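Q: This is the content of model.txt (compact mmCIF, C-alpha atoms and all ligand atoms):
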# COMPACT_ATOMS: atom_id res chain seq x y z
CA ALA A 110 120.70 105.16 103.29
CA PHE A 111 117.49 107.14 102.79
CA GLU A 112 119.32 110.45 103.11
CA LEU A 113 121.58 109.44 100.18
CA TRP A 114 119.00 107.64 98.02
CA ARG A 115 116.48 110.49 98.18
CA GLU A 116 119.12 112.79 96.65
CA THR A 117 119.65 110.62 93.55
CA THR A 118 117.98 111.80 90.36
CA ALA A 119 115.06 109.88 88.91
CA GLU A 120 117.32 109.01 85.96
CA GLU A 121 119.94 107.49 88.24
CA ARG A 122 117.32 105.41 90.02
CA SER A 123 115.79 104.37 86.74
CA PHE A 124 119.18 103.24 85.41
CA LEU A 125 119.88 101.09 88.49
CA LEU A 126 116.39 99.58 88.53
CA LYS A 127 116.76 98.58 84.88
CA LYS A 128 120.09 96.92 85.70
CA TRP A 129 118.36 95.04 88.52
CA PHE A 130 115.56 93.99 86.17
CA ASN A 131 118.09 92.67 83.62
CA LEU A 132 119.96 90.66 86.26
CA ILE A 133 116.71 89.11 87.47
CA MET A 134 115.76 88.10 83.94
CA LYS A 135 119.24 86.63 83.43
CA ASN A 136 118.73 84.54 86.59
CA LYS A 137 115.12 83.70 85.78
CA ASN A 138 115.50 79.92 86.04
CA VAL A 139 117.32 79.94 89.38
CA ILE A 140 114.76 82.30 90.92
CA ALA A 141 111.84 80.27 89.56
CA GLU A 142 113.31 77.11 91.01
CA THR A 143 113.72 78.83 94.38
CA ILE A 144 110.07 79.93 94.30
CA SER A 145 108.95 76.36 93.53
CA LYS A 146 111.19 74.87 96.20
CA GLU A 147 109.99 77.16 98.95
CA SER A 148 106.31 77.46 98.02
CA GLY A 149 105.59 74.20 96.16
CA LYS A 150 104.27 76.13 93.14
CA PRO A 151 104.58 74.32 89.77
CA LEU A 152 107.74 75.44 87.99
CA LYS A 153 105.87 76.72 84.93
CA GLU A 154 103.89 79.05 87.23
CA SER A 155 107.07 80.16 89.01
CA LEU A 156 108.58 81.12 85.66
CA VAL A 157 105.49 83.22 84.93
CA GLU A 158 105.84 84.78 88.37
CA VAL A 159 109.45 85.81 87.70
CA THR A 160 108.47 87.58 84.48
CA TYR A 161 105.42 89.14 86.17
CA GLY A 162 107.46 90.17 89.23
CA ALA A 163 110.28 91.62 87.13
CA SER A 164 107.79 93.59 85.02
CA PHE A 165 107.05 95.80 88.06
CA ILE A 166 110.73 96.75 88.36
CA GLU A 167 110.99 97.58 84.65
CA TRP A 168 107.69 99.52 84.72
CA PHE A 169 108.63 101.59 87.77
CA ALA A 170 112.12 102.21 86.38
CA GLU A 171 110.31 103.93 83.51
CA GLN A 172 107.69 105.61 85.68
CA ALA A 173 110.41 107.11 87.92
CA THR A 174 111.34 109.62 85.23
CA ARG A 175 107.69 110.49 84.48
CA SER A 176 106.76 111.58 87.97
CA SER A 177 106.41 115.33 88.23
CA GLY A 178 104.90 118.13 90.30
CA LYS A 179 102.78 121.08 89.15
CA ILE A 180 102.91 124.82 88.67
CA LEU A 181 99.44 126.24 89.30
CA GLN A 182 97.77 129.28 87.72
CA SER A 183 98.19 131.85 90.46
CA PRO A 184 95.29 134.23 91.14
CA GLU A 185 97.87 136.82 92.32
CA LYS A 186 100.32 138.47 89.87
CA ASN A 187 103.43 138.35 92.02
CA LYS A 188 102.94 134.81 93.28
CA GLN A 189 104.02 131.41 92.00
CA LEU A 190 102.07 128.44 93.33
CA MET A 191 103.67 125.01 93.08
CA VAL A 192 103.20 121.45 94.16
CA ILE A 193 106.36 119.34 94.42
CA LYS A 194 106.63 115.64 95.11
CA GLN A 195 109.24 113.96 97.27
CA PRO A 196 109.83 110.41 98.49
CA ILE A 197 107.72 109.71 101.57
CA GLY A 198 110.59 108.12 103.54
CA VAL A 199 111.56 104.69 104.82
CA VAL A 200 109.05 102.03 103.77
CA SER A 201 108.10 98.85 105.67
CA ALA A 202 106.93 96.21 103.20
CA ILE A 203 105.39 92.97 104.44
CA THR A 204 104.64 90.29 101.86
CA PRO A 205 102.98 86.85 101.74
CA TRP A 206 104.15 83.37 100.74
CA ASN A 207 101.86 82.85 97.74
CA PHE A 208 103.89 85.10 95.40
CA PRO A 209 107.34 85.26 97.05
CA MET A 210 108.71 87.42 94.24
CA ALA A 211 105.89 89.40 92.62
CA MET A 212 104.46 90.83 95.84
CA ALA A 213 107.95 91.95 96.89
CA THR A 214 108.76 93.64 93.59
CA ARG A 215 105.35 95.31 93.14
CA LYS A 216 106.05 97.20 96.36
CA THR A 217 109.84 97.54 96.25
CA GLY A 218 110.05 98.54 92.57
CA ALA A 219 107.67 101.44 93.17
CA ALA A 220 109.21 102.54 96.46
CA LEU A 221 112.79 102.58 95.16
CA ALA A 222 111.73 104.38 91.97
CA ALA A 223 110.10 107.08 94.10
CA GLY A 224 113.34 107.55 96.07
CA CYS A 225 112.32 105.66 99.21
CA THR A 226 114.36 102.98 100.96
CA VAL A 227 112.70 99.70 101.86
CA VAL A 228 112.80 97.18 104.68
CA LEU A 229 111.06 94.07 103.40
CA LYS A 230 109.75 91.29 105.64
CA PRO A 231 108.88 88.34 103.39
CA SER A 232 106.77 85.52 104.75
CA GLU A 233 108.69 83.25 107.14
CA LEU A 234 107.38 80.36 104.98
CA THR A 235 109.17 81.61 101.84
CA PRO A 236 112.16 83.71 102.94
CA ILE A 237 114.77 82.78 100.31
CA THR A 238 113.46 84.37 97.10
CA ALA A 239 113.57 87.84 98.66
CA LEU A 240 117.18 87.30 99.76
CA LYS A 241 118.11 86.37 96.19
CA LEU A 242 116.41 89.51 94.90
CA ALA A 243 118.27 91.64 97.45
CA LYS A 244 121.62 90.12 96.46
CA LEU A 245 120.89 90.90 92.80
CA SER A 246 119.94 94.48 93.70
CA ILE A 247 123.40 94.94 95.20
CA ASP A 248 125.03 93.32 92.14
CA ALA A 249 123.09 95.83 90.03
CA GLY A 250 124.68 98.71 91.95
CA ILE A 251 121.78 99.72 94.18
CA PRO A 252 123.63 100.96 97.30
CA LYS A 253 123.63 98.78 100.39
CA GLY A 254 120.93 99.77 102.84
CA VAL A 255 118.50 100.89 100.14
CA PHE A 256 116.70 97.54 99.83
CA ASN A 257 116.85 95.48 103.02
CA VAL A 258 115.36 92.09 103.87
CA VAL A 259 114.55 91.00 107.42
CA ASN A 260 113.59 87.39 108.06
CA GLY A 261 112.15 85.85 111.17
CA ARG A 262 109.06 85.62 113.32
CA PRO A 263 106.31 87.90 112.05
CA GLN A 264 104.97 89.29 115.31
CA PRO A 265 108.01 90.99 116.89
CA ILE A 266 109.28 92.11 113.48
CA GLY A 267 105.87 93.41 112.42
CA LYS A 268 105.62 95.42 115.62
CA VAL A 269 108.90 97.23 114.96
CA MET A 270 108.13 97.68 111.27
CA SER A 271 104.78 99.29 112.00
CA ASN A 272 105.94 101.44 114.94
CA HIS A 273 109.49 102.53 114.21
CA LYS A 274 109.86 106.31 114.12
CA PHE A 275 111.89 106.29 110.88
CA VAL A 276 109.18 104.42 109.00
CA ARG A 277 106.73 106.71 107.15
CA LYS A 278 104.90 104.14 105.03
CA ILE A 279 103.65 100.60 105.58
CA THR A 280 102.67 98.49 102.62
CA PHE A 281 101.21 95.06 103.27
CA THR A 282 99.77 92.14 101.31
CA GLY A 283 98.16 89.40 103.36
CA SER A 284 95.14 88.60 105.48
CA THR A 285 92.47 91.11 106.44
CA ARG A 286 93.04 90.17 110.10
CA VAL A 287 96.73 91.21 110.00
CA GLY A 288 95.88 94.25 107.84
CA LYS A 289 93.55 95.54 110.55
CA TYR A 290 96.26 95.03 113.18
CA LEU A 291 98.80 96.97 111.12
CA MET A 292 96.29 99.75 110.53
CA LYS A 293 95.83 100.11 114.27
CA GLU A 294 99.60 100.13 114.86
CA ALA A 295 100.14 102.65 112.04
CA SER A 296 97.60 104.98 113.58
CA LYS A 297 99.80 105.45 116.68
CA SER A 298 102.15 107.67 114.70
CA VAL A 299 99.86 108.38 111.72
CA LYS A 300 101.91 106.51 109.14
CA SER A 301 100.67 106.15 105.59
CA ILE A 302 99.41 102.63 104.89
CA SER A 303 98.49 100.61 101.80
CA LEU A 304 96.77 97.25 102.21
CA GLU A 305 96.08 94.46 99.74
CA LEU A 306 94.01 92.01 101.76
CA GLY A 307 91.79 88.98 101.38
CA GLY A 308 89.24 88.31 98.66
CA ASN A 309 86.14 86.21 98.07
CA ALA A 310 85.94 86.47 94.29
CA PRO A 311 82.64 85.67 92.60
CA PHE A 312 82.91 83.93 89.21
CA ILE A 313 79.61 84.39 87.36
CA VAL A 314 78.58 82.52 84.23
CA LEU A 315 75.44 83.95 82.60
CA ASP A 316 73.10 82.00 80.33
CA ASP A 317 74.52 83.64 77.16
CA ALA A 318 78.19 82.92 77.97
CA ASP A 319 80.58 80.91 75.82
CA ILE A 320 80.90 77.84 78.04
CA ASP A 321 84.33 76.74 76.80
CA ASP A 322 85.72 80.23 77.48
CA ALA A 323 84.12 80.21 80.92
CA VAL A 324 85.57 76.80 81.84
CA ASN A 325 89.05 77.86 80.64
CA GLY A 326 88.70 81.14 82.55
CA LEU A 327 87.79 79.28 85.71
CA VAL A 328 90.78 76.97 85.39
CA ASP A 329 93.09 80.01 84.94
CA SER A 330 91.70 81.83 87.95
CA LYS A 331 90.75 79.02 90.32
CA PHE A 332 93.74 76.72 90.03
CA ARG A 333 96.52 79.33 89.84
CA ASN A 334 98.89 78.36 92.65
CA ALA A 335 96.44 75.59 93.68
CA GLY A 336 93.83 78.26 94.42
CA GLN A 337 96.11 80.08 96.87
CA THR A 338 95.73 83.50 95.30
CA CYS A 339 93.80 86.47 96.70
CA ILE A 340 92.09 86.95 93.34
CA SER A 341 91.25 83.25 92.75
CA ALA A 342 87.61 82.52 91.94
CA ASN A 343 86.15 81.54 95.33
CA ARG A 344 82.40 81.23 94.69
CA ILE A 345 81.22 80.00 91.30
CA PHE A 346 77.76 81.22 90.29
CA LEU A 347 76.24 79.30 87.38
CA HIS A 348 72.99 80.21 85.62
CA LYS A 349 70.65 77.22 86.00
CA SER A 350 70.36 76.75 82.22
CA ILE A 351 74.11 76.16 81.69
CA HIS A 352 74.88 74.42 84.99
CA ASP A 353 75.08 70.80 83.72
CA ASN A 354 77.04 71.60 80.58
CA PHE A 355 79.56 73.72 82.50
CA ILE A 356 80.09 71.06 85.16
CA LYS A 357 80.57 68.30 82.57
CA LYS A 358 83.29 70.30 80.80
CA LEU A 359 84.95 71.40 84.02
CA LYS A 360 85.11 67.83 85.29
CA GLU A 361 86.86 66.71 82.08
CA LYS A 362 89.46 69.46 82.52
CA ILE A 363 90.09 68.70 86.17
CA LEU A 364 90.54 64.99 85.49
CA SER A 365 93.34 65.86 83.04
CA PHE A 366 95.41 67.71 85.70
CA ASN A 367 98.76 66.36 86.76
CA ILE A 368 99.01 66.80 90.53
CA GLY A 369 102.35 66.51 92.29
CA ASN A 370 105.77 67.97 93.06
CA GLY A 371 106.07 71.49 91.66
CA LEU A 372 109.49 70.72 90.19
CA LYS A 373 108.18 67.72 88.25
CA ASN A 374 106.03 69.23 85.52
CA SER A 375 102.83 69.29 87.57
CA ASP A 376 99.76 71.48 87.01
CA ILE A 377 98.86 71.65 90.68
CA GLY A 378 101.28 71.50 93.60
CA PRO A 379 100.79 71.18 97.36
CA LEU A 380 99.16 73.66 99.69
CA ILE A 381 101.57 75.74 101.72
CA SER A 382 101.12 74.13 105.16
CA LYS A 383 99.28 71.69 107.37
CA LYS A 384 97.17 74.58 108.65
CA ALA A 385 96.11 75.45 105.08
CA ILE A 386 94.97 71.93 104.26
CA GLU A 387 93.14 71.60 107.58
CA LYS A 388 91.22 74.78 106.79
CA ILE A 389 90.07 73.33 103.46
CA GLU A 390 89.01 70.13 105.21
CA LEU A 391 87.08 72.09 107.80
CA ASN A 392 85.29 74.21 105.18
CA VAL A 393 84.40 71.19 103.05
CA SER A 394 83.05 69.20 106.01
CA ASP A 395 81.03 72.24 107.14
CA ALA A 396 79.50 72.42 103.63
CA ILE A 397 78.62 68.71 103.62
CA LYS A 398 76.99 69.01 107.06
CA LYS A 399 74.86 71.88 105.76
CA GLY A 400 73.66 70.01 102.65
CA ALA A 401 76.32 70.46 99.95
CA LYS A 402 77.22 67.57 97.60
CA ILE A 403 80.73 66.53 96.57
CA LEU A 404 80.72 65.93 92.83
CA LEU A 405 84.46 65.41 92.51
CA GLY A 406 87.35 65.18 95.00
CA GLY A 407 86.55 66.28 98.53
CA LYS A 408 89.62 64.78 100.16
CA ARG A 409 93.42 64.83 100.32
CA HIS A 410 95.28 63.65 97.21
CA ARG A 411 97.53 60.61 97.28
CA ALA A 412 100.53 62.74 96.14
CA GLY A 413 101.24 63.65 99.78
CA GLU A 414 99.86 65.05 103.00
CA LEU A 415 99.79 68.66 101.75
CA PHE A 416 97.99 67.87 98.48
CA TYR A 417 94.23 68.30 98.13
CA GLU A 418 92.19 66.93 95.25
CA PRO A 419 90.71 69.59 92.95
CA SER A 420 87.10 69.36 94.03
CA ILE A 421 83.66 70.35 92.77
CA ILE A 422 81.05 71.05 95.44
CA THR A 423 77.43 71.71 94.45
CA ASN A 424 74.33 72.85 96.37
CA VAL A 425 76.38 75.52 98.11
CA LYS A 426 74.42 78.01 100.26
CA LYS A 427 75.14 81.41 101.86
CA ASN A 428 75.47 79.98 105.38
CA MET A 429 78.41 77.71 104.50
CA LYS A 430 82.06 78.52 105.25
CA VAL A 431 83.01 77.76 101.63
CA PHE A 432 80.72 80.67 100.64
CA LYS A 433 81.68 83.11 103.40
CA GLU A 434 85.43 82.55 103.71
CA GLU A 435 88.41 82.87 101.41
CA ASN A 436 89.09 79.15 100.85
CA PHE A 437 92.64 79.41 99.44
CA GLY A 438 92.65 75.92 97.94
CA PRO A 439 91.66 73.97 94.81
CA ILE A 440 87.95 73.68 95.57
CA VAL A 441 85.10 74.88 93.34
CA PRO A 442 81.95 75.73 95.34
CA ILE A 443 78.98 76.03 92.94
CA ILE A 444 75.88 78.13 93.51
CA ASN A 445 72.94 78.29 91.06
CA PHE A 446 71.03 81.43 90.10
CA THR A 447 68.24 82.38 87.73
CA SER A 448 68.37 86.20 87.37
CA ILE A 449 71.09 88.83 87.11
CA ASP A 450 69.71 90.80 90.09
CA GLU A 451 69.76 87.67 92.23
CA VAL A 452 73.41 86.94 91.36
CA ILE A 453 74.46 90.56 92.00
CA ASP A 454 72.97 90.33 95.52
CA LEU A 455 74.65 86.99 96.18
CA ALA A 456 78.03 88.11 94.84
CA ASN A 457 78.00 91.29 96.95
CA ASN A 458 77.05 89.30 100.05
CA THR A 459 80.55 89.42 101.57
CA GLU A 460 82.76 91.87 103.43
CA TYR A 461 85.42 91.44 100.72
CA GLY A 462 85.71 93.33 97.41
CA LEU A 463 88.93 92.46 95.60
CA ALA A 464 88.33 90.74 92.22
CA ALA A 465 85.26 89.48 90.37
CA TYR A 466 84.82 87.59 87.10
CA PHE A 467 81.86 87.23 84.79
CA PHE A 468 81.16 85.65 81.44
CA THR A 469 78.57 87.05 79.05
CA LYS A 470 78.27 88.09 75.41
CA ASN A 471 75.80 90.88 76.17
CA SER A 472 77.22 94.39 76.63
CA LYS A 473 74.21 95.49 78.75
CA ASN A 474 75.02 92.73 81.24
CA LEU A 475 78.67 93.76 81.15
CA TRP A 476 77.83 97.31 82.13
CA LYS A 477 75.30 96.32 84.78
CA LEU A 478 77.65 93.86 86.47
CA SER A 479 80.72 96.16 86.36
CA SER A 480 78.77 99.02 87.90
CA LYS A 481 76.75 97.08 90.50
CA LEU A 482 79.31 94.58 91.77
CA GLU A 483 81.34 95.97 94.68
CA TYR A 484 84.83 94.92 93.56
CA GLY A 485 88.05 96.69 92.59
CA MET A 486 89.01 94.54 89.58
CA PHE A 487 87.05 92.62 86.96
CA GLY A 488 87.82 89.85 84.52
CA VAL A 489 85.19 89.89 81.78
CA ASN A 490 85.26 86.68 79.72
CA THR A 491 88.74 86.03 81.13
CA GLY A 492 90.21 84.54 84.30
CA LYS A 493 93.50 86.44 83.95
CA ILE A 494 93.71 90.02 85.17
CA SER A 495 97.23 90.35 86.54
CA THR A 496 99.59 92.75 84.77
CA TYR A 497 101.81 95.67 85.85
CA LEU A 498 99.21 97.96 84.21
CA ASN A 499 96.39 96.90 86.55
CA PRO A 500 95.72 99.32 89.47
CA PHE A 501 95.70 96.33 91.81
CA GLY A 502 93.56 96.62 94.91
CA GLY A 503 90.15 96.16 96.42
CA LEU A 504 87.10 97.74 98.02
CA LYS A 505 85.56 97.15 101.46
CA GLU A 506 87.68 94.88 103.70
CA SER A 507 89.91 93.86 100.80
CA GLY A 508 92.18 96.81 101.34
CA LEU A 509 93.25 100.40 100.87
CA GLY A 510 95.02 101.94 97.90
CA ARG A 511 96.29 100.57 94.60
CA GLU A 512 99.59 98.97 93.58
CA GLY A 513 101.28 98.68 90.18
CA SER A 514 99.96 100.71 87.22
CA GLU A 515 100.31 104.45 86.61
CA GLU A 516 99.04 105.05 90.15
CA GLY A 517 101.55 102.80 91.88
CA LEU A 518 104.24 105.42 92.46
CA GLU A 519 101.98 107.95 94.20
CA PRO A 520 101.62 106.13 97.55
CA PHE A 521 105.41 106.45 97.97
CA LEU A 522 105.46 110.19 97.30
CA GLU A 523 104.55 113.06 99.56
CA LYS A 524 103.19 116.34 98.15
CA LYS A 525 104.37 119.76 99.29
CA PHE A 526 102.59 122.97 98.34
CA ILE A 527 104.69 126.12 97.89
CA SER A 528 103.21 129.60 97.75
CA TRP A 529 106.08 131.84 96.59
CA ARG A 530 105.69 135.59 96.70
CA MET A 531 108.28 137.13 94.38
CA SER A 532 109.59 140.31 95.93
C1 LIG A 601 97.66 88.05 95.34
O1 LIG A 601 97.32 86.89 95.46
O2 LIG A 601 97.56 88.81 96.29
C2 LIG A 601 98.28 88.63 94.10
C3 LIG A 601 97.96 88.00 92.85
C4 LIG A 601 98.43 88.77 91.63
O3 LIG A 601 99.13 89.78 91.71
O4 LIG A 601 98.05 88.36 90.55
In structure tokens, what does this structure look like?
A:
Amino acid sequence: AFELWRETTAEERSFLLKKWFNLIMKNKNVIAETISKESGKPLKESLVEVTYGASFIEWFAEQATRSSGKILQSPEKNKQLMVIKQPIGVVSAITPWNFPMAMATRKTGAALAAGCTVVLKPSELTPITALKLAKLSIDAGIPKGVFNVVNGRPQPIGKVMSNHKFVRKITFTGSTRVGKYLMKEASKSVKSISLELGGNAPFIVLDDADIDDAVNGLVDSKFRNAGQTCISANRIFLHKSIHDNFIKKLKEKILSFNIGNGLKNSDIGPLISKKAIEKIELNVSDAIKKGAKILLGGKRHRAGELFYEPSIITNVKKNMKVFKEENFGPIVPIINFTSIDEVIDLANNTEYGLAAYFFTKNSKNLWKLSSKLEYGMFGVNTGKISTYLNPFGGLKESGLGREGSEEGLEPFLEKKFISWRMS
């Protein structure tokens, strides 16, 4: 399929991708329901995910026709120097359960637009959405074999997908542990690799922040998909002077949440698995043992065994798991600070570097925090940063490369330099 797809023009690919995008939008409700059924996500969030996920296909359909090479100024009169770009080859894409659609389309939209074919392995916990997307791609006229979905156990499939001789590019979203494994496997045949891995996002509220904006921003970031998002606020740093006011307002918000079945108009659904909820329990009990206080929640919710109460934990310290690890659940660990230098040190005290958030009205603080914090993406006075225009990715152990945006096509293209002597 690659041999045929690589020969299509960018316009042909763009046309087919737009048809795919339109079919997805026509089937928006069915896909959103599938996402909620297989992940537990509240339906209103699944609907947002379908629009967000589809936006990558539309964006890359447009970007396909804008990709071009270069003719260089030759230092020699009878020579033309050129750089051309071609699709890198067959792509292995491995995606997680927290965004069954958007993570698949952010990778696949770009790869297909560049002229690559894709073998996608969605999470074994949410395998159906990807199959629906693949069926719609065929209905849109994308030839069979261009976008393929493989479901099953991750280990044997991952091994083939990262070692197979036809594969030239691996693109993965998931844990840092698996990312490191894939990087090692990719090195055996020097395949190109892009990784979007774990995060430990700081959410910083300075003394001059608008507290209502900050509380709303935290709700947007922290409770998206019940906190099961790589860019969810994970450690909440509050300036001592606004601590009590912020907590009072946050508590009021949390108490208004409707927690329950994702298909029944809830604000917060279940966690993905027993393992996920046990991890939250372990991290919370570790925090309590080390001196943290539970201000709200701190236990499973009566809605069912996979539901955890949105929780506020204060007195959090650097040695606690809730500080060091990506919690992936609806818990709000609070840390106090008194100076901007202190909070920069605390926020950078992690091996991760994906997203960070801060709230301030002062432009000097804005510049200092954006330049000193070691993160790839910032929300300033907002908890929402996801859009197809965002070069999505992180620093340090949060990954390699960027997805989406104007840069998102490049990882799927290979450059060739041509020095042409005209005789
Ligand atoms: C993620 O959790 O990895 C992705 C979230 C997003 O694209 O907004």
Q: Counting all atoms listed in the file, note down every residue that has an atom within 10 Å of the point (100.6, 102.4, 83.5) (file coordinates), as a PDB file with C-alpha atoms, keeping the file's coordinate frame.
A:
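Written out: point02.pdb:
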ATOM      1  CA  TRP A 168     107.690  99.520  84.720  1.00  0.00           C
ATOM      2  CA  PHE A 169     108.630 101.590  87.770  1.00  0.00           C
ATOM      3  CA  GLU A 171     110.310 103.930  83.510  1.00  0.00           C
ATOM      4  CA  GLN A 172     107.690 105.610  85.680  1.00  0.00           C
ATOM      5  CA  THR A 496      99.590  92.750  84.770  1.00  0.00           C
ATOM      6  CA  TYR A 497     101.810  95.670  85.850  1.00  0.00           C
ATOM      7  CA  LEU A 498      99.210  97.960  84.210  1.00  0.00           C
ATOM      8  CA  ASN A 499      96.390  96.900  86.550  1.00  0.00           C
ATOM      9  CA  PRO A 500      95.720  99.320  89.470  1.00  0.00           C
ATOM     10  CA  GLY A 513     101.280  98.680  90.180  1.00  0.00           C
ATOM     11  CA  SER A 514      99.960 100.710  87.220  1.00  0.00           C
ATOM     12  CA  GLU A 515     100.310 104.450  86.610  1.00  0.00           C
ATOM     13  CA  GLU A 516      99.040 105.050  90.150  1.00  0.00           C
ATOM     14  CA  GLY A 517     101.550 102.800  91.880  1.00  0.00           C
TER      15      GLY A 517
END
Q: Can you measure atom CA of A:His348 to atom CA of A:Asn428 for me? One decimal in Å is fine.
A: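 Calculated distance between atom CA of A:His348 and atom CA of A:Asn428 is 19.9 Å.
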Q: Quick one: residues within 7 Å of ligand LIG 601 (chain A), with only C-alpha atoms and all ligand atoms, as a ChimeraX atom specification?
A: /A:207-208,211-212,282,305,338-340,495
Q: Neighbours of A:Thr238 within 9 Å (all atoms listed in the file; same-chain residues fewer than 2 positions away dropped), as a PyMOL selection string?
A: chain A and resi 140-141+143-144+147+209-210+231+235-236+240-243
Q: Distance atom CA of A:Lys146-atom CA of A:Trp206, one decimal place?
A: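 These two atoms are separated by 11.9 Å.
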Q: From the list A:Ile166, A:Ile356, A:Leu455, A:Ile443, which residue is nearest A:Lys128 when using all atoms listed in the file?
A: A:Ile166
Q: Counting all atoms listed in the file, which residue out of A:Gly308, A:Gly369, A:Pro252, A:Gly492 sits closest to A:Tyr461?
A: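 Comparing A:Gly308, A:Gly369, A:Pro252, A:Gly492 against A:Tyr461, the winner is A:Gly308.
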Q: Measuring between all atoms listed in the file, which one of A:Ser350, A:Ser145, A:Asn334, A:Ser298 shows the shortest distance to A:Gly438?
A: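 With all atoms listed in the file as the atom set, the closest residue is A:Asn334.
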Q: Which is closest to A:Lys399 among A:Val287, A:Ala385, A:Val489, A:Val425, if we use only C-alpha atoms?
A: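 Between A:Val287, A:Ala385, A:Val489, A:Val425, the residue approaching A:Lys399 most closely is A:Val425.
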Q: Could you pull the residues within 8 Å of A:Ser341, counting only C-alpha atoms, minus those fewer than 4 positions along the same chain, as a PyMOL selection string?
A: chain A and resi 309-310+330-333+336-337+437
Q: Please provide the set of residues having any atom within 12 Å of A:Asn136, restricted to only C-alpha atoms, with same-chain residues fewer than 2 positions apart removed, written as a PyMOL selection string.
A: chain A and resi 129-134+138-143+156+159-160+163+238+241-242+244-245
Q: From the options A:Thr285, A:Asn257, A:Gln195, A:Ser480, which residue's atoms come nearest to A:Gly503, counting all atoms listed in the file?
A: A:Thr285
